$ cat run.cif   # mmCIF, C-alpha atoms and all ligand atoms
data_final
loop_
_atom_site.label_atom_id
_atom_site.label_comp_id
_atom_site.auth_asym_id
_atom_site.auth_seq_id
_atom_site.Cartn_x
_atom_site.Cartn_y
_atom_site.Cartn_z
CA MET I 1 -3.84 15.78 -1.18
CA GLU I 2 -6.19 13.69 0.92
CA SER I 3 -5.97 10.00 1.62
CA ILE I 4 -9.06 7.92 0.84
CA SER I 5 -10.39 4.85 2.54
CA ILE I 6 -9.35 1.36 1.58
CA ARG I 7 -12.96 0.51 0.74
CA THR I 8 -13.20 3.39 -1.74
CA ASN I 9 -9.94 2.29 -3.29
CA MET I 10 -11.04 -1.30 -3.38
CA GLU I 11 -14.26 -0.45 -5.20
CA LYS I 12 -12.41 1.72 -7.68
CA TYR I 13 -9.79 -0.89 -8.43
CA ASN I 14 -12.13 -3.86 -8.41
CA SER I 15 -14.24 -2.19 -11.04
CA LEU I 16 -11.25 -2.25 -13.38
CA ASN I 17 -10.34 -5.31 -15.35
CA ALA I 18 -9.37 -7.55 -12.47
CA SER I 19 -6.81 -10.29 -12.50
CA THR I 20 -7.67 -13.10 -10.13
CA ARG I 21 -4.15 -14.38 -9.67
CA LYS I 22 -3.37 -15.48 -6.17
CA ILE I 23 -0.67 -13.75 -4.15
CA LEU I 24 1.62 -15.63 -1.83
CA CYS I 25 3.31 -13.71 0.99
CA VAL I 26 6.30 -15.41 2.57
CA GLY I 27 7.84 -14.15 5.78
CA LEU I 28 7.22 -13.15 9.31
CA CYS I 29 3.99 -13.28 11.30
CA CYS I 30 4.36 -12.20 14.90
CA LEU I 31 2.56 -10.62 17.78
CA ASP I 32 3.24 -6.89 18.18
CA ILE I 33 2.76 -5.64 21.72
CA ILE I 34 2.44 -1.89 21.40
CA SER I 35 2.85 0.23 24.51
CA GLU I 36 2.08 3.92 24.23
CA VAL I 37 3.98 6.14 26.67
CA LYS I 38 4.01 9.86 27.38
CA GLU I 39 7.72 10.27 26.94
CA PHE I 40 10.52 8.09 25.83
CA PRO I 41 11.70 6.17 28.91
CA HIS I 42 15.03 6.94 30.57
CA GLU I 43 17.07 4.30 32.30
CA ASP I 44 16.05 3.46 35.86
CA THR I 45 12.71 5.30 35.74
CA ASP I 46 9.20 4.01 35.53
CA GLN I 47 6.02 5.43 34.12
CA ARG I 48 2.50 4.21 33.41
CA CYS I 49 1.79 3.49 29.81
CA LEU I 50 -1.12 5.38 28.29
CA ASP I 51 -2.28 2.43 26.31
CA GLN I 52 -1.22 -1.05 25.37
CA ARG I 53 -2.53 -3.26 22.62
CA TRP I 54 -1.78 -6.49 20.85
CA GLN I 55 -1.72 -6.54 17.10
CA ARG I 56 -0.84 -9.16 14.55
CA GLY I 57 2.37 -8.00 12.89
CA GLY I 58 5.30 -9.08 10.77
CA ASN I 59 5.88 -7.89 7.24
CA ALA I 60 4.38 -10.82 5.35
CA ALA I 61 1.40 -11.05 7.71
CA ASN I 62 0.78 -7.31 7.36
CA ASN I 63 0.97 -7.64 3.61
CA SER I 64 -1.58 -10.44 3.71
CA THR I 65 -3.84 -8.32 5.89
CA VAL I 66 -3.73 -5.38 3.50
CA LEU I 67 -4.22 -7.59 0.44
CA GLY I 68 -7.15 -9.30 2.15
CA LEU I 69 -8.76 -5.96 2.99
CA LEU I 70 -8.38 -4.84 -0.60
CA GLY I 71 -10.25 -7.90 -1.81
CA ALA I 72 -7.35 -9.96 -3.17
CA LYS I 73 -6.87 -13.63 -2.33
CA PRO I 74 -3.59 -13.66 -0.42
CA TYR I 75 -1.86 -16.73 0.89
CA TYR I 76 0.48 -16.52 3.80
CA LEU I 77 3.40 -18.87 4.25
CA GLY I 78 5.49 -18.62 7.35
CA THR I 79 6.06 -19.96 10.79
CA ILE I 80 3.78 -19.45 13.76
CA ALA I 81 4.73 -20.86 17.11
CA ASP I 82 2.41 -23.34 18.76
CA SER I 83 1.81 -21.12 21.79
CA HIS I 84 -1.32 -19.61 23.33
CA GLU I 85 -0.66 -16.41 21.34
CA LYS I 86 -1.26 -18.44 18.19
CA SER I 87 -4.98 -18.57 18.88
CA TYR I 88 -4.97 -14.78 19.22
CA LEU I 89 -3.21 -14.42 15.88
CA GLN I 90 -5.79 -16.68 14.28
CA THR I 91 -8.89 -15.02 15.69
CA LEU I 92 -8.09 -11.36 15.18
CA GLY I 93 -10.92 -10.72 12.81
CA THR I 94 -12.56 -12.21 9.82
CA TYR I 95 -9.72 -11.40 7.48
CA ALA I 96 -7.22 -12.97 9.85
CA LEU I 97 -9.31 -16.13 10.03
CA TYR I 98 -9.60 -16.19 6.29
CA LEU I 99 -5.89 -15.87 5.86
CA LEU I 100 -4.56 -17.98 8.63
CA ASN I 101 -6.96 -20.87 8.93
CA GLU I 102 -5.81 -22.46 5.72
CA GLU I 103 -4.12 -25.47 7.26
CA GLU I 104 -1.99 -26.34 4.31
CA ILE I 105 -0.33 -22.98 4.05
CA ILE I 106 0.63 -22.52 7.65
CA LEU I 107 3.69 -24.04 9.17
CA SER I 108 3.03 -24.31 12.85
CA GLY I 109 4.16 -26.24 15.85
CA ALA I 110 7.72 -25.01 15.72
CA ASN I 111 9.55 -24.61 19.00
CA TYR I 112 10.08 -20.91 18.81
CA TYR I 113 8.02 -17.86 19.26
CA PRO I 114 8.41 -14.78 17.12
CA ALA I 115 7.39 -11.58 18.89
CA GLY I 116 7.88 -7.89 18.40
CA CYS I 117 7.55 -5.08 20.91
CA ALA I 118 6.85 -1.52 19.86
CA LEU I 119 7.21 1.43 22.16
CA LYS I 120 5.35 4.44 20.90
CA SER I 121 5.97 7.74 22.58
CA VAL I 122 3.49 10.57 22.09
CA GLU I 123 6.53 12.78 21.54
CA LEU I 124 7.85 10.75 18.65
CA SER I 125 6.08 10.19 15.38
CA SER I 126 7.68 6.78 14.73
CA PRO I 127 7.70 3.93 17.20
CA LEU I 128 10.81 2.27 18.54
CA LEU I 129 10.71 -1.42 17.65
CA ILE I 130 12.27 -4.07 19.79
CA ASP I 131 12.42 -7.36 17.95
CA CYS I 132 12.19 -10.28 20.36
CA SER I 133 12.13 -13.06 17.76
CA LYS I 134 14.13 -16.02 18.91
CA SER I 135 14.42 -17.86 15.65
CA VAL I 136 12.34 -17.76 12.54
CA ASP I 137 14.73 -19.51 10.30
CA ARG I 138 13.20 -22.89 9.73
CA MET I 139 10.98 -22.50 6.73
CA ILE I 140 10.48 -25.99 5.41
CA LYS I 141 11.33 -26.11 1.73
CA GLY I 142 9.28 -29.27 1.25
CA ARG I 143 6.16 -27.30 2.19
CA PHE I 144 6.99 -24.38 -0.04
CA GLU I 145 7.50 -26.21 -3.33
CA PRO I 146 4.05 -27.85 -3.67
CA LEU I 147 2.42 -24.60 -2.55
CA LEU I 148 4.17 -22.61 -5.22
CA LEU I 149 3.11 -25.05 -7.89
CA ARG I 150 -0.51 -24.72 -6.83
CA THR I 151 -0.59 -20.93 -6.94
CA ASP I 152 -0.24 -18.83 -10.05
CA SER I 153 0.82 -15.99 -7.84
CA ILE I 154 3.05 -13.04 -7.36
CA GLY I 155 5.28 -14.19 -4.54
CA TYR I 156 6.17 -11.53 -2.03
CA TYR I 157 9.22 -12.32 0.05
CA TYR I 158 10.46 -10.47 3.02
CA GLY I 159 14.26 -10.59 3.20
CA ARG I 160 14.74 -11.72 6.76
CA ASN I 161 16.26 -15.17 6.72
CA VAL I 162 18.41 -14.56 3.70
CA ALA I 163 19.61 -18.13 3.08
CA ASN I 164 16.08 -19.56 3.03
CA VAL I 165 14.55 -16.68 1.12
CA SER I 166 17.29 -16.88 -1.48
CA GLU I 167 16.74 -20.62 -1.91
CA MET I 168 13.00 -20.12 -2.38
CA MET I 169 13.43 -17.28 -4.84
CA LYS I 170 15.91 -19.33 -6.87
CA TYR I 171 13.41 -22.19 -6.86
CA VAL I 172 10.73 -19.88 -8.31
CA ASN I 173 13.16 -18.61 -10.94
CA ARG I 174 14.00 -22.18 -12.02
CA HIS I 175 10.29 -22.96 -12.09
CA ASN I 176 9.75 -19.90 -14.31
CA GLU I 177 12.46 -21.01 -16.75
CA GLU I 178 10.59 -24.29 -17.22
CA GLN I 179 7.29 -22.43 -17.59
CA VAL I 180 8.74 -20.25 -20.33
CA LYS I 181 9.85 -23.35 -22.25
CA LEU I 182 6.32 -24.75 -21.94
CA GLU I 183 4.84 -21.36 -22.85
CA GLU I 184 2.98 -21.39 -19.55
CA ILE I 185 2.35 -18.55 -17.11
CA THR I 186 5.26 -17.54 -14.89
CA VAL I 187 5.24 -16.38 -11.26
CA ARG I 188 6.39 -12.83 -10.55
CA VAL I 189 8.71 -12.62 -7.59
CA SER I 190 8.97 -9.55 -5.41
CA VAL I 191 11.17 -8.94 -2.41
CA GLU I 192 11.49 -6.27 0.24
CA ILE I 193 14.97 -5.08 1.11
CA GLU I 194 14.23 -3.34 4.35
CA LYS I 195 16.71 -3.54 7.17
CA ALA I 196 20.24 -2.17 7.28
CA LYS I 197 21.86 -5.53 6.62
CA PRO I 198 24.60 -6.12 4.01
CA GLU I 199 23.54 -9.74 3.43
CA LEU I 200 20.26 -8.61 1.83
CA GLU I 201 22.12 -7.53 -1.28
CA CYS I 202 22.19 -11.05 -2.74
CA LEU I 203 18.37 -11.09 -2.96
CA ILE I 204 18.24 -8.08 -5.29
CA PRO I 205 19.16 -9.94 -8.53
CA LEU I 206 16.59 -12.66 -7.82
CA ALA I 207 13.45 -10.51 -7.90
CA ASP I 208 11.24 -9.11 -10.64
CA VAL I 209 9.98 -6.38 -8.32
CA VAL I 210 12.32 -4.99 -5.65
CA PHE I 211 10.94 -2.83 -2.84
CA VAL I 212 13.74 -0.88 -1.19
CA ALA I 213 12.90 0.71 2.15
CA LYS I 214 14.47 3.99 3.17
CA ASP I 215 16.20 2.33 6.16
CA TYR I 216 18.24 0.17 3.82
CA ALA I 217 18.79 3.06 1.38
CA GLN I 218 20.11 5.33 4.11
CA TYR I 219 22.32 2.61 5.51
CA LYS I 220 23.85 2.28 2.03
CA GLY I 221 24.36 6.06 1.90
CA TYR I 222 21.85 6.68 -0.89
CA THR I 223 20.55 10.22 -0.68
CA ASP I 224 17.02 9.96 -2.03
CA MET I 225 14.60 7.75 -3.96
CA LYS I 226 16.16 8.42 -7.38
CA ASP I 227 19.69 7.74 -6.12
CA THR I 228 18.48 4.55 -4.42
CA ILE I 229 16.75 3.26 -7.54
CA GLU I 230 19.78 4.00 -9.73
CA ASN I 231 22.12 2.19 -7.37
CA ILE I 232 19.87 -0.83 -6.84
CA ARG I 233 19.43 -1.13 -10.61
CA LYS I 234 23.15 -1.96 -11.01
CA ASN I 235 22.59 -5.24 -9.19
CA ALA I 236 19.02 -6.02 -10.32
CA LYS I 237 17.66 -8.68 -12.67
CA LYS I 238 17.21 -7.64 -16.28
CA GLY I 239 13.81 -6.01 -16.68
CA ALA I 240 13.20 -5.71 -12.93
CA VAL I 241 11.02 -2.99 -11.45
CA ILE I 242 12.52 -1.06 -8.52
CA ILE I 243 10.21 0.67 -6.07
CA CYS I 244 11.25 2.98 -3.25
CA PRO I 245 8.82 4.44 -0.68
CA TRP I 246 10.15 7.30 1.44
CA GLY I 247 7.79 8.26 4.29
CA GLU I 248 6.15 11.67 3.89
CA LYS I 249 7.90 12.15 0.55
CA GLY I 250 5.74 9.45 -1.06
CA ALA I 251 7.35 6.94 -3.40
CA SER I 252 9.21 6.60 -6.69
CA ALA I 253 9.68 3.65 -9.01
CA LYS I 254 11.30 2.74 -12.28
CA GLU I 255 11.06 0.07 -14.92
CA GLU I 256 14.24 -0.64 -16.82
CA ASN I 257 14.75 1.78 -19.74
CA GLU I 258 11.69 3.82 -18.71
CA SER I 259 11.57 7.15 -16.91
CA LEU I 260 11.28 7.47 -13.16
CA VAL I 261 7.68 7.75 -11.93
CA SER I 262 6.70 9.26 -8.58
CA SER I 263 3.74 9.76 -6.30
CA PRO I 264 3.32 12.20 -3.43
CA ALA I 265 2.28 10.96 0.00
CA PHE I 266 -1.38 11.41 0.97
CA PRO I 267 -1.24 12.53 4.59
CA PRO I 268 -4.34 12.07 6.72
CA GLU I 269 -5.67 14.92 8.84
CA LYS I 270 -3.68 13.57 11.78
CA VAL I 271 -0.92 10.97 11.70
CA VAL I 272 -1.85 8.40 14.35
CA ASP I 273 0.05 5.18 13.71
CA THR I 274 2.89 4.71 11.26
CA LEU I 275 3.68 1.13 12.33
CA GLY I 276 3.30 -0.96 9.18
CA ALA I 277 3.10 2.00 6.76
CA GLY I 278 5.73 0.39 4.52
CA ASP I 279 3.96 -2.99 4.59
CA THR I 280 0.71 -1.26 3.65
CA PHE I 281 2.37 0.57 0.78
CA ASN I 282 3.99 -2.64 -0.49
CA GLY I 283 0.79 -4.68 -0.17
CA ALA I 284 -1.37 -2.10 -1.94
CA THR I 285 1.21 -1.58 -4.69
CA ILE I 286 1.44 -5.33 -5.33
CA PHE I 287 -2.35 -5.45 -5.38
CA ALA I 288 -2.51 -2.79 -8.10
CA LEU I 289 0.35 -4.29 -10.13
CA ASN I 290 -1.32 -7.67 -9.93
CA LYS I 291 -4.42 -6.14 -11.45
CA GLY I 292 -2.40 -4.93 -14.39
CA HIS I 293 -2.11 -1.25 -13.51
CA ASN I 294 0.84 0.75 -14.72
CA LEU I 295 3.67 1.50 -12.33
CA LYS I 296 2.76 5.11 -11.62
CA ASP I 297 -0.86 4.25 -10.83
CA ALA I 298 0.27 1.32 -8.70
CA ILE I 299 2.59 3.38 -6.46
CA THR I 300 0.01 6.19 -6.26
CA PHE I 301 -2.51 3.63 -5.05
CA GLY I 302 0.11 2.32 -2.59
CA CYS I 303 0.65 5.85 -1.21
CA ARG I 304 -3.09 6.50 -0.93
CA VAL I 305 -3.75 3.31 1.02
CA ALA I 306 -0.67 3.86 3.22
CA GLY I 307 -1.85 7.45 3.83
CA ALA I 308 -5.23 6.14 5.01
CA LYS I 309 -3.51 3.60 7.25
CA VAL I 310 -1.26 6.11 9.08
CA GLY I 311 -4.39 8.10 9.96
CA GLN I 312 -5.62 5.31 12.24
CA ARG I 313 -4.53 2.59 14.58
CA GLY I 314 -3.80 -0.75 13.02
CA TRP I 315 -5.90 -1.78 10.05
CA GLY I 316 -9.20 -2.87 11.55
CA THR I 317 -11.17 0.30 10.94
CA LEU I 318 -9.91 0.62 7.38
CA LYS I 319 -12.55 -1.91 6.43
P1 LIG Y 401 8.33 2.24 6.63
O1 LIG Y 401 7.11 1.80 7.41
O2 LIG Y 401 9.03 1.07 5.98
O3 LIG Y 401 9.25 3.16 7.37
P2 LIG Y 401 7.80 4.58 4.97
O4 LIG Y 401 7.97 5.48 6.14
O5 LIG Y 401 8.77 4.74 3.84
O6 LIG Y 401 7.74 3.04 5.38
O7 LIG Y 401 6.32 4.81 4.42
C1 LIG Y 401 5.77 4.01 3.40
C2 LIG Y 401 4.67 4.80 2.71
O8 LIG Y 401 3.67 5.14 3.68
C3 LIG Y 401 5.13 6.11 2.11
O9 LIG Y 401 5.53 5.94 0.76
C4 LIG Y 401 3.90 6.99 2.24
O10 LIG Y 401 3.07 6.80 1.12
C5 LIG Y 401 3.19 6.44 3.47
N1 LIG Y 401 3.48 7.28 4.65
C6 LIG Y 401 4.39 7.03 5.64
N2 LIG Y 401 4.38 8.03 6.56
C7 LIG Y 401 3.45 8.91 6.14
C8 LIG Y 401 2.95 10.15 6.65
N3 LIG Y 401 3.42 10.70 7.77
N4 LIG Y 401 1.99 10.78 5.94
C9 LIG Y 401 1.49 10.24 4.80
N5 LIG Y 401 1.91 9.08 4.28
C10 LIG Y 401 2.87 8.42 4.93
#
$ encode --input "run.cif" --output "structure tokens" --more "lines below"
Ligand code: ADP
Amino acid sequence: MESISIRTNMEKYNSLNASTRKILCVGLCCLDIISEVKEFPHEDTDQRCLDQRWQRGGNAANNSTVLGLLGAKPYYLGTIADSHEKSYLQTLGTYALYLLNEEEIILSGANYYPAGCALKSVELSSPLLIDCSKSVDRMIKGRFEPLLLRTDSIGYYYGRNVANVSEMMKYVNRHNEEQVKLEEITVRVSVEIEKAKPELECLIPLADVVFVAKDYAQYKGYTDMKDTIENIRKNAKKGAVIICPWGEKGASAKEENESLVSSPAFPPEKVVDTLGAGDTFNGATIFALNKGHNLKDAITFGCRVAGAKVGQRGWGTLK
């Protein structure tokens, strides 16, 4: 099956009964420095790189980018260091400006600089990532609370700094309990459980929508998407949706007491850049869920958009 462009998807989905709820993405924004090399380097050798580029990265920032491209109104909350790279991150393109110039939702001026390095060999389909973040653990709770109360959003949290993320998710859940009493609208909380880290487990019961990446699933010894979803369910919140993308195999998902739904992947003619495929899938799936689509349609949309993304470098030309 073929992937289709983000614009085509956007038009299709925007024509359907749209929800205008805002989406808040909480997590990392960093600079990815991507060096493309002919072969994977061996110790004590040197080689010219074929290409090098800078790209705004980080899970939450990538999610915001994808949501912005799809026509949603995403908000990004995270930390950006007050360094000269900050101006690059803020002037990457119109969507970046739109997302990042909102003073009140950016925490900046911190004394640390998050950065990621990706080494992409033409021999390997997936890049090697070297995370050079020094510290991204000082999300200021006082800034988060008023923001949440101003947005009737789906919150998307990337499980990196577990203590802070857990505190924020619990805050949203308490807020929701009050909203239910007042018969007011609640905020849906989603989280990505991505890296092979045992401490991420405590975030699972706090989310309404749990994205489980294959890295985490494999680290836990789960054999496939179905096995992953069944195991994650044991620890999930009542009524939670569990979603599991799995590279070229596409994605599966399940609502409690419903059957498993799946989507194939939509490979492009040539796979060019898989960096951020998972973030693209998550962003596009949230976009579709936020518009009220059923789970199967939402993950199929996620796979289509992710398929279009892996067919090109970065996200710029997806517009
Ligand atoms: P991550 O970036 O976290 O490793 P995955 O590899 O699981 O994420 O990919 C996420 C989604 O991106 C998949 O569900 C699939 O839809 C799409 N995708 C990833 N790799 C490919 C590929 N080679 N061809 C087509 N789609 C892909």
$ closest_atom_pairs --input "run.cif" --of "chain I" --to "ligand LIG 401 (chain Y)" --cutoff "6 Å" --atoms "only C-alpha atoms and all ligand atoms" --output "CSV"
residue,atom,partner,partner_atom,distance
I:Ala213,CA,Y:LIG401,O2,5.5
I:Lys214,CA,Y:LIG401,O5,5.8
I:Pro245,CA,Y:LIG401,O9,3.9
I:Trp246,CA,Y:LIG401,O5,3.8
I:Gly247,CA,Y:LIG401,O4,3.3
I:Glu248,CA,Y:LIG401,C7,4.5
I:Gly250,CA,Y:LIG401,O9,4.0
I:Ala251,CA,Y:LIG401,O9,4.6
I:Ala265,CA,Y:LIG401,O10,4.4
I:Phe266,CA,Y:LIG401,C9,4.9
I:Pro267,CA,Y:LIG401,C9,3.6
I:Val271,CA,Y:LIG401,N3,5.9
I:Thr274,CA,Y:LIG401,N2,5.9
I:Gly276,CA,Y:LIG401,O1,5.0
I:Ala277,CA,Y:LIG401,O1,4.1
I:Gly278,CA,Y:LIG401,O6,3.4
I:Phe281,CA,Y:LIG401,C2,5.2
I:Cys303,CA,Y:LIG401,O10,3.5
I:Ala306,CA,Y:LIG401,O8,4.5
I:Gly307,CA,Y:LIG401,N5,4.1
$ write_last_selection --input "run.cif" --atoms "C-alpha atoms" --output "PDB file, keeping the file's coordinate frame"
ATOM      1  CA  ALA I 213      12.900   0.710   2.150  1.00  0.00           C
ATOM      2  CA  LYS I 214      14.470   3.990   3.170  1.00  0.00           C
ATOM      3  CA  PRO I 245       8.820   4.440  -0.680  1.00  0.00           C
ATOM      4  CA  TRP I 246      10.150   7.300   1.440  1.00  0.00           C
ATOM      5  CA  GLY I 247       7.790   8.260   4.290  1.00  0.00           C
ATOM      6  CA  GLU I 248       6.150  11.670   3.890  1.00  0.00           C
ATOM      7  CA  GLY I 250       5.740   9.450  -1.060  1.00  0.00           C
ATOM      8  CA  ALA I 251       7.350   6.940  -3.400  1.00  0.00           C
ATOM      9  CA  ALA I 265       2.280  10.960   0.000  1.00  0.00           C
ATOM     10  CA  PHE I 266      -1.380  11.410   0.970  1.00  0.00           C
ATOM     11  CA  PRO I 267      -1.240  12.530   4.590  1.00  0.00           C
ATOM     12  CA  VAL I 271      -0.920  10.970  11.700  1.00  0.00           C
ATOM     13  CA  THR I 274       2.890   4.710  11.260  1.00  0.00           C
ATOM     14  CA  GLY I 276       3.300  -0.960   9.180  1.00  0.00           C
ATOM     15  CA  ALA I 277       3.100   2.000   6.760  1.00  0.00           C
ATOM     16  CA  GLY I 278       5.730   0.390   4.520  1.00  0.00           C
ATOM     17  CA  PHE I 281       2.370   0.570   0.780  1.00  0.00           C
ATOM     18  CA  CYS I 303       0.650   5.850  -1.210  1.00  0.00           C
ATOM     19  CA  ALA I 306      -0.670   3.860   3.220  1.00  0.00           C
ATOM     20  CA  GLY I 307      -1.850   7.450   3.830  1.00  0.00           C
TER      21      GLY I 307
END
$ closest_residue --input "run.cif" --among "I:Tyr216, I:Lys254, I:Arg174, I:Gly311" --to "I:Ile299" --atoms "all atoms listed in the file"
I:Lys254
$ residues_around --input "run.cif" --residues "stretch 62-72 of chain I" --least-positions-apart "3" --cutoff "6 Å" --atoms "only C-alpha atoms" --output "PyMOL selection string"
chain I and resi 10+57-59+279+283
$ closest_residue --input "run.cif" --among "I:Ile34, I:Leu200, I:Ala240, I:Val210" --to "I:Gly314" --atoms "all atoms listed in the file"
I:Ile34
$ closest_residue --input "run.cif" --among "I:Val37, I:Ser166, I:Ser252, I:Pro74" --to "I:Phe287" --atoms "only C-alpha atoms"
I:Pro74
